[in-house]
Each structure stands twice: as C-alpha cells, then as structure tokens.
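Structure data (compact mmCIF, C-alpha atoms) from my_file07.txt:
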# COMPACT_ATOMS: atom_id res chain seq x y z
CA MET I 105 -1.91 15.45 29.53
CA ALA I 106 0.09 17.63 27.21
CA ARG I 107 3.80 16.98 27.16
CA THR I 108 6.34 19.54 26.19
CA GLU I 109 8.71 19.01 23.31
CA GLU I 110 11.59 18.90 25.80
CA GLN I 111 10.03 16.08 27.78
CA HIS I 112 9.29 14.30 24.58
CA LYS I 113 12.93 14.30 23.55
CA ARG I 114 14.33 13.20 26.89
CA PRO I 115 15.31 9.52 26.78
CA GLY I 116 13.45 7.40 29.29
CA LEU I 117 10.47 9.69 29.45
CA SER I 118 9.48 9.33 25.83
CA ALA I 119 8.50 5.71 26.37
CA GLY I 120 5.40 7.09 28.09
CA THR I 121 4.62 7.25 31.73
CA ALA I 122 2.95 4.28 33.36
CA ALA I 123 -0.46 5.89 32.86
CA GLY I 124 -0.09 6.97 29.24
CA ALA I 125 -0.25 5.27 25.87
CA ARG I 126 2.99 4.16 24.25
CA ILE I 127 4.22 2.76 20.98
CA THR I 128 5.68 -0.64 21.74
CA ALA I 129 6.69 -1.89 18.29
CA SER I 130 6.42 -1.40 14.56
CA VAL I 131 5.56 -4.04 12.01
CA TYR I 132 6.26 -3.80 8.27
CA THR I 133 4.75 -6.04 5.64
CA SER I 134 3.63 -6.26 2.04
CA HIS I 135 -0.12 -6.48 1.49
CA VAL I 136 -0.45 -8.43 -1.77
CA PRO I 137 -4.12 -9.24 -2.54
CA ALA I 138 -3.25 -12.73 -3.80
CA ILE I 139 -2.05 -13.58 -0.27
CA GLY I 140 -5.53 -12.81 1.05
CA ALA I 141 -7.09 -14.89 -1.70
CA ALA I 142 -4.73 -17.81 -0.94
CA LEU I 143 -5.75 -17.72 2.74
CA ASP I 144 -9.45 -17.28 2.05
CA LEU I 145 -9.47 -20.17 -0.42
CA GLY I 146 -7.51 -22.49 1.89
CA LYS I 147 -4.40 -22.63 -0.29
CA SER I 148 -1.84 -21.62 2.32
CA ASN I 149 -0.29 -25.12 2.45
CA GLU I 150 0.25 -25.35 -1.29
CA PRO I 151 3.94 -25.48 -2.29
CA TYR I 152 3.70 -22.05 -3.95
CA TRP I 153 2.46 -20.35 -0.77
CA GLN I 154 3.95 -22.48 2.00
CA PRO I 155 7.37 -20.70 2.19
CA LEU I 156 5.65 -17.34 2.36
CA PHE I 157 3.31 -18.23 5.22
CA ALA I 158 6.15 -20.04 7.03
CA GLY I 159 8.04 -16.76 7.05
CA TYR I 160 5.28 -15.18 9.12
CA GLU I 161 5.04 -17.96 11.72
CA PRO I 162 7.61 -16.44 14.14
CA SER I 163 5.76 -13.13 13.88
CA LYS I 164 2.42 -14.72 14.65
CA ALA I 165 3.91 -16.34 17.75
CA TRP I 166 5.48 -13.04 18.82
CA LEU I 167 2.19 -11.21 18.30
CA LYS I 168 0.36 -13.74 20.45
CA GLU I 169 2.71 -12.81 23.30
CA ASN I 170 2.70 -9.12 22.43
CA THR I 171 -0.83 -8.33 21.32
CA PRO I 172 -1.29 -4.58 21.44
CA ASP I 173 -4.46 -2.79 22.47
CA VAL I 174 -4.48 -0.78 19.26
CA ILE I 175 -2.75 -1.02 15.89
CA PHE I 176 -2.22 2.20 13.98
CA LEU I 177 -2.24 0.67 10.51
CA VAL I 178 -0.73 2.61 7.62
CA TYR I 179 -1.84 1.32 4.21
CA ASN I 180 -3.12 2.53 0.90
CA ASP I 181 -6.57 2.26 -0.57
CA HIS I 182 -6.57 0.69 -4.07
CA ALA I 183 -9.36 2.62 -5.78
CA THR I 184 -11.83 1.12 -3.32
CA ALA I 185 -12.98 3.68 -0.76
CA PHE I 186 -11.49 6.58 -2.71
CA SER I 187 -12.02 7.07 -6.44
CA LEU I 188 -10.64 10.06 -8.32
CA GLU I 189 -13.46 12.18 -6.91
CA MET I 190 -11.52 12.82 -3.72
CA ILE I 191 -7.88 11.99 -3.14
CA PRO I 192 -6.76 12.67 0.43
CA THR I 193 -3.03 12.39 1.01
CA PHE I 194 -3.36 11.24 4.63
CA ALA I 195 -6.81 9.99 5.70
CA ILE I 196 -7.21 8.85 9.31
CA GLY I 197 -10.12 6.56 10.14
CA CYS I 198 -11.97 7.83 13.22
CA ALA I 199 -15.03 5.56 12.93
CA GLU I 200 -16.24 2.97 15.46
CA SER I 201 -15.75 0.23 12.89
CA PHE I 202 -14.72 -0.42 9.29
CA GLN I 203 -16.30 -2.98 6.97
CA PRO I 204 -14.10 -5.17 4.73
CA ALA I 205 -14.68 -3.80 1.22
CA ASP I 206 -16.17 -5.54 -1.79
CA GLU I 207 -13.33 -5.08 -4.28
CA GLY I 208 -15.21 -6.73 -7.11
CA TRP I 209 -15.26 -10.34 -5.90
CA GLY I 210 -17.38 -9.80 -2.78
CA PRO I 211 -15.88 -8.78 0.59
CA ARG I 212 -13.09 -10.93 2.06
CA PRO I 213 -14.46 -13.31 4.72
CA VAL I 214 -12.65 -11.53 7.56
CA PRO I 215 -13.94 -9.92 10.75
CA VAL I 216 -15.17 -6.34 10.85
CA VAL I 217 -12.34 -4.02 11.88
CA GLN I 218 -13.04 -2.28 15.19
CA GLY I 219 -11.69 1.24 15.46
CA HIS I 220 -10.60 3.31 18.44
CA PRO I 221 -12.36 6.64 17.80
CA GLU I 222 -11.10 8.32 20.95
CA LEU I 223 -7.43 7.69 20.22
CA ALA I 224 -7.95 8.30 16.49
CA TRP I 225 -9.49 11.73 17.11
CA HIS I 226 -6.75 12.52 19.58
CA ILE I 227 -4.09 11.66 17.00
CA ALA I 228 -5.94 13.66 14.32
CA GLN I 229 -6.09 16.71 16.57
CA SER I 230 -2.51 16.41 17.73
CA THR I 231 -1.03 15.92 14.25
CA ILE I 232 -3.13 18.71 12.71
CA LEU I 233 -1.94 21.10 15.42
CA ASP I 234 1.54 19.81 14.58
CA GLU I 235 0.85 21.15 11.04
CA PHE I 236 0.01 17.88 9.25
CA ASP I 237 -3.22 18.51 7.33
CA MET I 238 -4.97 15.22 7.96
CA THR I 239 -8.28 14.22 6.41
CA ILE I 240 -10.70 12.87 9.00
CA VAL I 241 -12.78 9.93 7.78
CA ASN I 242 -15.89 8.79 9.66
CA LYS I 243 -17.13 6.20 7.18
CA MET I 244 -14.84 4.02 5.11
CA ASP I 245 -14.62 0.43 3.93
CA VAL I 246 -11.13 -1.05 4.16
CA ASP I 247 -9.63 -3.09 1.34
CA HIS I 248 -6.89 -5.75 1.10
CA GLY I 249 -4.27 -3.13 1.89
CA LEU I 250 -5.43 -3.25 5.49
CA THR I 251 -6.96 -6.71 5.83
CA VAL I 252 -4.15 -8.78 4.26
CA PRO I 253 -1.57 -7.67 6.86
CA MET I 254 -4.11 -8.48 9.60
CA SER I 255 -4.64 -11.96 8.15
CA LEU I 256 -0.91 -12.57 7.71
CA LEU I 257 -0.18 -11.76 11.33
CA PHE I 258 -3.32 -12.97 13.13
CA GLY I 259 -4.48 -15.82 10.90
CA GLN I 260 -8.21 -16.38 10.58
CA PRO I 261 -9.85 -15.58 13.94
CA ASP I 262 -13.59 -14.93 14.44
CA ALA I 263 -12.76 -11.44 15.70
CA TRP I 264 -9.55 -9.42 15.45
CA PRO I 265 -7.76 -9.43 18.83
CA CYS I 266 -7.28 -5.66 19.00
CA LYS I 267 -8.57 -2.35 17.72
CA VAL I 268 -7.27 -0.71 14.57
CA ILE I 269 -6.88 2.90 13.48
CA PRO I 270 -6.54 2.97 9.69
CA LEU I 271 -4.38 5.60 8.01
CA ALA I 272 -4.95 5.54 4.26
CA VAL I 273 -2.10 7.19 2.34
CA ASN I 274 -2.44 8.25 -1.28
CA VAL I 275 0.15 6.42 -3.40
CA VAL I 276 -2.06 6.11 -6.50
CA GLN I 277 -2.25 9.69 -7.79
CA TYR I 278 1.12 11.40 -8.25
CA PRO I 279 2.58 13.01 -6.36
CA PRO I 280 2.27 10.84 -3.28
CA PRO I 281 3.73 12.33 -0.09
CA THR I 282 7.52 12.44 0.04
CA GLY I 283 9.45 9.95 2.11
CA ASN I 284 10.50 12.74 4.43
CA ARG I 285 6.90 13.87 4.95
CA CYS I 286 5.94 10.33 5.84
CA TYR I 287 8.87 9.99 8.24
CA GLN I 288 8.04 13.32 9.90
CA LEU I 289 4.38 12.32 10.20
CA GLY I 290 5.52 9.18 12.00
CA LYS I 291 7.31 11.33 14.55
CA ALA I 292 4.18 13.43 15.04
CA ILE I 293 2.07 10.29 15.48
CA ARG I 294 4.46 9.09 18.18
CA LYS I 295 4.11 12.41 19.98
CA ALA I 296 0.32 12.18 19.69
CA VAL I 297 0.13 8.62 21.01
CA GLU I 298 2.42 9.37 23.94
CA SER I 299 0.26 12.30 25.01
CA PHE I 300 -2.87 10.13 25.20
CA ASP I 301 -3.93 9.68 28.79
CA GLN I 302 -4.85 5.99 28.79
CA PRO I 303 -2.52 3.04 29.40
CA LEU I 304 -2.66 1.61 25.89
CA LYS I 305 -0.04 -0.46 24.11
CA VAL I 306 0.01 0.75 20.53
CA GLN I 307 1.79 -0.81 17.57
CA ILE I 308 2.28 1.02 14.31
CA TRP I 309 2.27 -0.97 11.11
CA GLY I 310 3.64 0.18 7.75
CA THR I 311 2.40 -1.84 4.79
CA GLY I 312 2.75 -2.12 1.00
CA GLY I 313 5.72 -2.88 -1.25
CA MET I 314 8.25 -4.23 -1.63
CA SER I 315 9.49 -3.99 -5.21
CA HIS I 316 6.76 -4.58 -7.78
CA GLN I 317 5.38 -3.13 -10.96
CA LEU I 318 1.82 -3.95 -12.00
CA GLN I 319 1.56 -1.92 -15.19
CA GLY I 320 2.91 -1.75 -18.70
CA PRO I 321 5.63 -3.66 -20.56
CA ARG I 322 7.96 -3.47 -17.51
CA ALA I 323 5.41 -5.30 -15.28
CA GLY I 324 6.97 -7.99 -13.11
CA LEU I 325 9.99 -5.96 -12.08
CA ILE I 326 11.62 -7.23 -8.88
CA ASN I 327 14.76 -5.75 -7.36
CA LYS I 328 16.07 -7.85 -4.49
CA GLU I 329 19.18 -5.73 -3.99
CA PHE I 330 17.09 -2.60 -3.62
CA ASP I 331 14.66 -4.30 -1.23
CA LYS I 332 17.39 -5.70 1.01
CA ASP I 333 19.17 -2.37 1.09
CA PHE I 334 15.86 -0.66 1.90
CA LEU I 335 15.35 -3.00 4.88
CA ASP I 336 18.93 -2.40 6.08
CA ARG I 337 18.56 1.36 5.87
CA LEU I 338 15.07 1.33 7.36
CA ILE I 339 16.57 -0.31 10.44
CA ALA I 340 19.81 1.66 10.68
CA ASP I 341 19.25 5.01 8.97
CA PRO I 342 15.58 5.88 8.46
CA ALA I 343 16.24 9.63 8.44
CA GLY I 344 18.71 9.20 5.58
CA LEU I 345 16.39 6.80 3.76
CA SER I 346 13.51 9.26 4.05
CA LEU I 347 15.36 11.62 1.70
CA MET I 348 15.21 9.20 -1.23
CA PRO I 349 13.24 10.85 -4.07
CA HIS I 350 10.21 9.24 -5.71
CA ILE I 351 12.05 8.67 -8.98
CA ASP I 352 14.42 6.24 -7.24
CA TYR I 353 11.54 4.16 -5.90
CA VAL I 354 9.89 3.94 -9.32
CA ARG I 355 13.06 3.30 -11.30
CA GLU I 356 14.53 0.78 -8.87
CA ALA I 357 11.51 -0.82 -7.19
CA GLY I 358 8.85 -0.53 -9.90
CA SER I 359 5.93 1.84 -10.25
CA GLU I 360 4.05 0.27 -7.33
CA GLY I 361 7.23 0.04 -5.24
CA ILE I 362 6.39 3.64 -4.33
CA GLU I 363 4.14 2.12 -1.64
CA LEU I 364 7.31 1.74 0.45
CA VAL I 365 7.14 5.41 1.48
CA MET I 366 4.44 4.27 3.90
CA TRP I 367 6.95 2.20 5.85
CA LEU I 368 8.70 5.43 6.82
CA ILE I 369 5.62 6.57 8.76
CA ALA I 370 5.88 3.54 11.02
CA ARG I 371 9.65 3.87 11.33
CA GLY I 372 9.46 7.57 12.22
CA ALA I 373 7.21 6.69 15.15
CA MET I 374 9.82 4.49 16.85
CA GLY I 375 11.51 5.57 20.06
CA ASP I 376 15.07 5.88 18.73
CA GLN I 377 13.93 8.62 16.37
CA ALA I 378 12.99 10.66 19.45
CA GLY I 379 16.23 9.97 21.30
CA ASP I 380 15.64 6.52 22.83
CA LYS I 381 17.77 3.42 22.29
CA PRO I 382 17.73 1.67 18.88
CA PRO I 383 14.93 -0.89 18.49
CA ARG I 384 15.43 -4.65 18.64
CA VAL I 385 14.94 -6.56 15.38
CA VAL I 386 12.42 -9.24 16.32
CA HIS I 387 12.05 -10.80 12.88
CA ARG I 388 13.03 -10.13 9.28
CA PHE I 389 11.81 -12.01 6.23
CA TYR I 390 11.98 -11.63 2.45
CA HIS I 391 10.43 -13.76 -0.26
CA VAL I 392 9.89 -13.66 -4.03
CA PRO I 393 7.31 -13.98 -5.48
CA ALA I 394 3.78 -13.54 -4.21
CA SER I 395 1.94 -13.29 -7.51
CA ASN I 396 3.60 -10.16 -9.02
CA THR I 397 5.35 -8.87 -5.94
CA ALA I 398 8.37 -9.20 -3.67
CA VAL I 399 7.27 -9.69 -0.07
CA GLY I 400 9.20 -8.02 2.73
CA HIS I 401 8.51 -8.19 6.44
CA LEU I 402 10.15 -6.76 9.53
CA ILE I 403 9.30 -6.32 13.20
CA LEU I 404 11.08 -3.76 15.35
CA GLU I 405 10.46 -3.58 19.08
CA ASN I 406 11.16 -0.50 21.17
CA ASN I 407 13.70 -1.09 23.92
CA MET E 172 6.86 20.51 -10.90
CA THR E 173 7.36 19.96 -14.62
CA ASP E 174 10.80 18.55 -13.93
CA TYR E 175 9.27 16.23 -11.36
CA SER E 176 6.91 14.66 -13.89
CA GLU E 177 9.42 14.76 -16.77
CA ALA E 178 12.00 12.69 -14.90
CA PHE E 179 9.70 9.66 -14.76
CA LYS E 180 9.43 9.61 -18.55
CA ASP E 181 12.93 8.13 -18.84
CA ILE E 182 11.74 4.91 -17.15
CA PRO E 183 10.90 2.38 -19.87
CA GLY E 184 7.56 0.59 -20.10
CA THR E 185 6.11 2.75 -17.35
CA ILE E 186 3.55 5.56 -17.26
CA VAL E 187 3.32 7.40 -13.97
CA PHE E 188 -0.22 8.48 -13.05
CA ASP E 189 0.47 12.20 -12.79
CA ALA E 190 -1.81 15.22 -13.19
CA THR E 191 -1.79 14.99 -17.01
CA GLN E 192 -2.76 11.31 -17.04
CA SER E 193 -5.36 11.81 -14.34
CA ARG E 194 -7.07 14.58 -16.30
CA LEU E 195 -7.04 12.50 -19.50
CA GLY E 196 -8.39 9.45 -17.76
CA PHE E 197 -10.91 10.79 -15.27
CA HIS E 198 -14.02 9.38 -16.96
CA LEU E 199 -12.29 6.16 -18.01
CA ASN E 200 -11.29 5.54 -14.39
CA GLN E 201 -14.73 6.50 -13.09
CA PHE E 202 -16.24 3.98 -15.52
CA CYS E 203 -13.90 1.34 -14.05
CA MET E 204 -14.96 2.36 -10.55
CA SER E 205 -18.61 1.75 -11.49
CA LEU E 206 -17.74 -1.94 -12.00
CA MET E 207 -17.44 -2.33 -8.23
CA LYS E 208 -21.23 -2.82 -8.23
CA ALA E 209 -22.55 -6.22 -9.30
CA GLU E 210 -25.52 -4.78 -11.23
CA ASN E 211 -23.19 -2.52 -13.25
CA ARG E 212 -20.94 -5.48 -14.06
CA GLU E 213 -23.98 -7.30 -15.42
CA ARG E 214 -25.08 -4.33 -17.52
CA PHE E 215 -21.56 -3.89 -18.89
CA LYS E 216 -21.26 -7.57 -19.79
CA ALA E 217 -24.68 -7.58 -21.44
CA ASP E 218 -23.78 -4.74 -23.84
CA GLU E 219 -20.32 -3.24 -23.46
CA ARG E 220 -20.76 -0.60 -26.12
CA ALA E 221 -24.08 0.66 -24.74
CA TYR E 222 -22.67 0.76 -21.20
CA LEU E 223 -19.54 2.65 -22.30
CA ASP E 224 -21.64 5.11 -24.30
CA GLN E 225 -23.15 6.31 -21.03
CA TRP E 226 -19.75 7.68 -20.04
CA PRO E 227 -18.19 10.85 -21.51
CA MET E 228 -15.11 8.89 -22.57
CA THR E 229 -13.26 9.35 -25.86
CA GLU E 230 -13.88 6.89 -28.68
CA GLU E 231 -10.25 5.71 -28.36
CA GLN E 232 -10.77 4.96 -24.68
CA LYS E 233 -13.94 2.98 -25.37
CA LEU E 234 -12.23 0.94 -28.11
CA ALA E 235 -9.22 0.26 -25.88
CA VAL E 236 -11.53 -1.01 -23.11
CA MET E 237 -13.46 -3.26 -25.51
CA ALA E 238 -10.17 -4.63 -26.89
CA ARG E 239 -8.93 -5.15 -23.29
CA ASP E 240 -5.77 -3.35 -24.41
CA LEU E 241 -4.55 -2.31 -20.98
CA ASN E 242 -1.39 -0.64 -22.23
CA ARG E 243 -3.48 1.57 -24.50
CA CYS E 244 -5.90 2.27 -21.65
CA ILE E 245 -2.96 3.41 -19.52
CA GLU E 246 -1.64 5.67 -22.31
CA LEU E 247 -5.11 7.21 -22.46
CA GLY E 248 -5.17 8.03 -18.77
CA GLY E 249 -6.24 4.77 -17.16
CA ASN E 250 -4.70 3.77 -13.86
CA ILE E 251 -3.95 0.11 -13.23
CA TYR E 252 -5.78 -0.07 -9.89
CA PHE E 253 -8.92 1.14 -11.64
CA LEU E 254 -8.38 -0.92 -14.80
CA ALA E 255 -8.00 -4.04 -12.65
CA LYS E 256 -11.75 -3.86 -12.08
CA ILE E 257 -12.32 -4.68 -15.78
CA GLY E 258 -10.25 -7.83 -15.33
CA ALA E 259 -12.19 -8.73 -12.19
CA THR E 260 -15.43 -8.29 -14.17
CA ASP E 261 -14.03 -10.69 -16.77
CA GLY E 262 -13.10 -13.16 -14.04
CA ARG E 263 -9.40 -12.80 -14.89
CA SER E 264 -6.60 -12.97 -12.33
CA PHE E 265 -4.36 -9.99 -11.86
CA GLN E 266 -1.46 -12.03 -13.11
CA TYR E 267 -3.32 -12.62 -16.37
CA MET E 268 -3.74 -8.85 -16.74
CA ALA E 269 -0.11 -8.17 -15.89
CA ALA E 270 1.08 -10.73 -18.42
CA SER E 271 -1.16 -9.23 -21.10
CA MET E 272 0.69 -5.92 -20.78
CA THR E 273 4.12 -7.48 -21.23
CA GLY E 274 3.37 -9.37 -24.44
CA MET E 275 4.17 -12.64 -22.64
CA THR E 276 1.85 -15.59 -22.15
CA GLN E 277 0.51 -15.90 -18.64
CA GLU E 278 2.57 -19.08 -18.23
CA ALA E 279 5.82 -17.43 -19.31
CA TYR E 280 5.10 -14.44 -17.10
CA ALA E 281 4.34 -16.64 -14.06
CA GLN E 282 7.57 -18.55 -14.75
CA MET E 283 9.53 -15.29 -14.86
CA MET E 284 8.08 -14.32 -11.47
CA LEU E 285 8.95 -17.71 -9.98
CA ALA E 286 12.50 -17.26 -11.25
CA GLY E 287 12.78 -13.97 -9.33
CA GLY E 288 10.95 -11.51 -11.55
CA ARG E 289 12.12 -9.07 -14.20
CA SER E 290 15.56 -7.75 -13.28
CA ALA E 291 16.05 -4.04 -12.77
CA ASN E 292 19.29 -4.38 -14.72
CA GLY E 293 18.70 -3.25 -18.27
CA ASN E 294 15.26 -1.90 -17.34
CA ARG E 295 16.05 1.37 -15.59
CA SER E 296 16.24 3.78 -18.52
CA LYS E 297 14.72 4.09 -21.97
CA SER E 298 18.27 4.33 -23.33
CA GLU E 299 18.84 0.73 -22.21
CA TRP E 300 15.75 -0.44 -24.12
CA ARG E 301 16.84 1.44 -27.25
CA ASN E 302 20.32 -0.07 -27.08
CA ARG E 303 19.10 -3.63 -26.85
CA GLY E 304 17.79 -3.22 -30.38

Write-out of the structure in structure tokens:
Amino acid sequence: MARTEEQHKRPGLSAGTAAGARITASVYTSHVPAIGAALDLGKSNEPYWQPLFAGYEPSKAWLKENTPDVIFLVYNDHATAFSLEMIPTFAIGCAESFQPADEGWGPRPVPVVQGHPELAWHIAQSTILDEFDMTIVNKMDVDHGLTVPMSLLFGQPDAWPCKVIPLAVNVVQYPPPTGNRCYQLGKAIRKAVESFDQPLKVQIWGTGGMSHQLQGPRAGLINKEFDKDFLDRLIADPAGLSLMPHIDYVREAGSEGIELVMWLIARGAMGDQAGDKPPRVVHRFYHVPASNTAVGHLILENN
Amino acid sequence: MTDYSEAFKDIPGTIVFDATQSRLGFHLNQFCMSLMKAENRERFKADERAYLDQWPMTEEQKLAVMARDLNRCIELGGNIYFLAKIGATDGRSFQYMAASMTGMTQEAYAQMMLAGGRSANGNRSKSEWRNRG
C-alpha cells in the first residue's frame, strides 16, 4: 500500500486511511535509572520520589484510555547491548521479543518486551529506501533507557499492554546524530508507519534528558531555563529547534543533555510536520531532581 | 571535523567522548564492559591488579582504576557509562560516583541536587572558571 509523497503531504489523508496504521500521539520522558530502582524497590511513595511519580499520574490515566497497539520507542543504550565494538547510530529492533538487560545489578523485575517484527521490518525497509542507513537488530537486550519510560507510564503490570519497537540511538560516542537528522528520521518513520497496511494505533516515544551531566567536575549541572525553553520550542517550532548544534546541548544542558536530540525523532513523526493541524498538549511536567537529572515529560496528541 | 571536537574543549569540567578519547580508552572501556558478568566481577574483586593485567591497558589507566579516580579515568579515555560499571561492582550508587568527581561529599552533592542542581551560570566556559580564581 505505497503512498505517494503528494498524498502524504495532503492534510486529512496523512492521518492514515481507516485500514492503515497511524501515529496517534508522541510521548516524551526522561529515563533516569534511579527512577526504575525506586519503583522496583517500592520507594515510590517516599517524599523524595512522590512528586515525581505524581507528575506521571495524569499520563498513566490518559494511556489507559489511549493504549496504542505498538509503541515505537526511541532511547539510547548505556553501554549495555552495545560496547565500543560496534556503535550503530540508529539501530531498529526487529526481534519477536527483547529481554530486560542485566546492567550489573541483575535484570530489572519487569516484563519481557514484545516486539512487532512485521511493522519493524516494514519501517526499516521504508526508512532505508528513504536514505536513512538503519542498522537492523535481531537480538538485543534492552536497558533502563527503554524500560524506565515503560514503568513510568504503565506502572508495574505482569505484562506490558502493547508491543514495542525499540530504536536505539547512539548518544555515547561522539558525534551522535544531529538534531536535524533525528527530526528528519522522525518524518520518515511517520511515512513508513502510515504506509503499513494494518489498522494499528502507533505511538512514538522520545526518551532521555533533560539537562544533566554525569561526568567530571561539572557533574550535577541542571539548567531549568534551557529545559523549559526546549519544551516550548519542541511544541511550537521543532524544525527550528532541530537546527541547534551539539555544542549548545552540551554547554547548556550538560554532557548527557545531548540525549535530548532523540526527542526530535518523536516530534518529527507528528502530523503537523507533514501538514496536519498542530497537536494537542495532553500533559506537560517538569521536576528537579531525580538523582542527578532534571526530569521532563510531555504528551502530544495528533488532532 | 577538528573544529567540531575543538569547540567542546571550552566547556569546563567536561570531556566529550570523541574519536581521540575513544581510541585512547578502548581497552579501558572494554575492561569495564567485562564487569557486566558476575563471575568477572568476582575475579576483579579477588585480585584487581591481576585482573587488570589481563587487559592491554596502560599502567596509568590501571592505576586510575585501582584508585577509583574517575576523573583521571575519563582523561585517559574512559567513558562514564562504562566506568559506572566499576561503581556497580563496588556496590556504589551513581550519585556516589558523581559526587566523587566533583570533589564534594556525597551529602553535599545530594543537597546541591535537591536545591536545583549546579547552575549553568558561571559554568559554561573555561574562561568563567579561570576568572573565579
């Protein structure tokens, strides 16, 4: 069910025909490992953590009403599945399932992540033909970068309520992909999803950030002004935001703040970037600190 | 490309993991990666020196690991996501490791984070650190 570029750009049609897959919403969130540990160890009601988890309550309720069939989850691997032996820039998980990784403390007690190989392969093929040189991964454990967002938004179920296609983005070895490349990839992912001939509701999640620095004498850097401005621009002007150079992320948001480029993949996949109406802001939340990190969260729903 | 990497060097207290650092630190980071396996953690803890000697790391890198001097490890090509596995082997929290790199006690560091973290103001450029004396 190939669609032409022209059809793709026409408002109204780009939301997918009744029979096809469509991107319904995008979700953005930090993926701090300490949040996973707090949940796993039953500390979520402690005064330190309570305000953070409270900030995700409206999102959990919204997700219950709006559970997608598939989440395309953009995250980064933290020297877990990928060492320095191989460093793919964009690695799409096409496996049937993905095991929670042992990151040195034993695997997190969370359900196995079920993939959607058919859609994943379709997206891989479509984006590669769109000139994005994706790495196809058929066996991969997933670390806190993927499982912490799932826990934050679904709590602690026995099985995750939907399938997940992981996209691991390199933000460890410099250079990571540019913001613009990420944003453009998001657009290509949208095109791929909307040309998939099954009636699937797909959400795209961008994770990582917000401001934080985990290394060196400047560790602990938090920049609320930058983070709030980033959220504003992500909503209103993602194309402009995508042009921000890496140096600005590192200088302003800390060396690990560079993870925020991944949010642009999710934002680029939203309907308004292909000519539809601007998305609705379902929820926005910001909190400092979670361990060493500023936590940002946003949900945008396609109109 | 050189300009790309050079620009980051103006940011104080920060070493970006670029091609140069990655080449310097390959074996150091691969050693860290080996600590993902429980049996390797046990062997390392039983005799750190003997375990490190199995890796083609420089003497400086080995000494920095044994001293748990994370800043030195980073200068010598270590990357924090890899180095964090040493802390996990020691049973240390990440916040403990982060504090150790700032010269603050873990308590003072945790307090700084609760108060909103380290401000970007005064911490954007090496010139600001030089001027503060």

Near chain E, meaning an atom within 8 Å, which residues of chain I appear when counting all atoms listed in the file? Write them as a short mmCIF file (atom, residue, chain, number, x, y, z; two decimals) with C-alpha atoms, keeping the file's coordinate frame.
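Contents of selection18.cif, as written:
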data_model
loop_
_atom_site.label_atom_id
_atom_site.label_comp_id
_atom_site.auth_asym_id
_atom_site.auth_seq_id
_atom_site.Cartn_x
_atom_site.Cartn_y
_atom_site.Cartn_z
CA HIS I 182 -6.57 0.69 -4.07
CA ALA I 183 -9.36 2.62 -5.78
CA THR I 184 -11.83 1.12 -3.32
CA SER I 187 -12.02 7.07 -6.44
CA LEU I 188 -10.64 10.06 -8.32
CA ASP I 206 -16.17 -5.54 -1.79
CA GLU I 207 -13.33 -5.08 -4.28
CA GLY I 208 -15.21 -6.73 -7.11
CA TRP I 209 -15.26 -10.34 -5.90
CA VAL I 276 -2.06 6.11 -6.50
CA GLN I 277 -2.25 9.69 -7.79
CA TYR I 278 1.12 11.40 -8.25
CA PRO I 279 2.58 13.01 -6.36
CA LEU I 318 1.82 -3.95 -12.00
CA GLN I 319 1.56 -1.92 -15.19
CA GLY I 320 2.91 -1.75 -18.70
CA PRO I 321 5.63 -3.66 -20.56
CA ARG I 322 7.96 -3.47 -17.51
CA ALA I 323 5.41 -5.30 -15.28
CA GLY I 324 6.97 -7.99 -13.11
CA LEU I 325 9.99 -5.96 -12.08
CA ILE I 326 11.62 -7.23 -8.88
CA ASN I 327 14.76 -5.75 -7.36
CA ILE I 351 12.05 8.67 -8.98
CA VAL I 354 9.89 3.94 -9.32
CA ARG I 355 13.06 3.30 -11.30
CA GLU I 356 14.53 0.78 -8.87
CA ALA I 357 11.51 -0.82 -7.19
CA SER I 359 5.93 1.84 -10.25
CA VAL I 392 9.89 -13.66 -4.03
CA PRO I 393 7.31 -13.98 -5.48
CA SER I 395 1.94 -13.29 -7.51
CA ASN I 396 3.60 -10.16 -9.02
#

Tell me, as a PyMOL selection string, which residues lie within 6 Å of Tyr179 in chain I, counting only C-alpha atoms; anything in the same chain fewer than 4 positions away does not count.
chain I and resi 249-250+272+311

As an exercise, work out the distance from CA of His387 in chain I to CA of Gly124 in chain I in Å and give it to one decimal place.
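One can read the CA of His387 in chain I to CA of Gly124 in chain I distance as 27.0 Å.
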
Just to confirm, what's the straight-line distance from CA of Leu335 in chain I to CA of Val131 in chain I in Å (one decimal)?
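Between CA of Leu335 in chain I and CA of Val131 in chain I the gap is 12.2 Å.
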
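For the choices I:Gln377, I:Gln302, I:Thr282, I:Ser201, the atom-to-atom distance to Tyr353 in chain I is smallest for I:Thr282 when using only C-alpha atoms.
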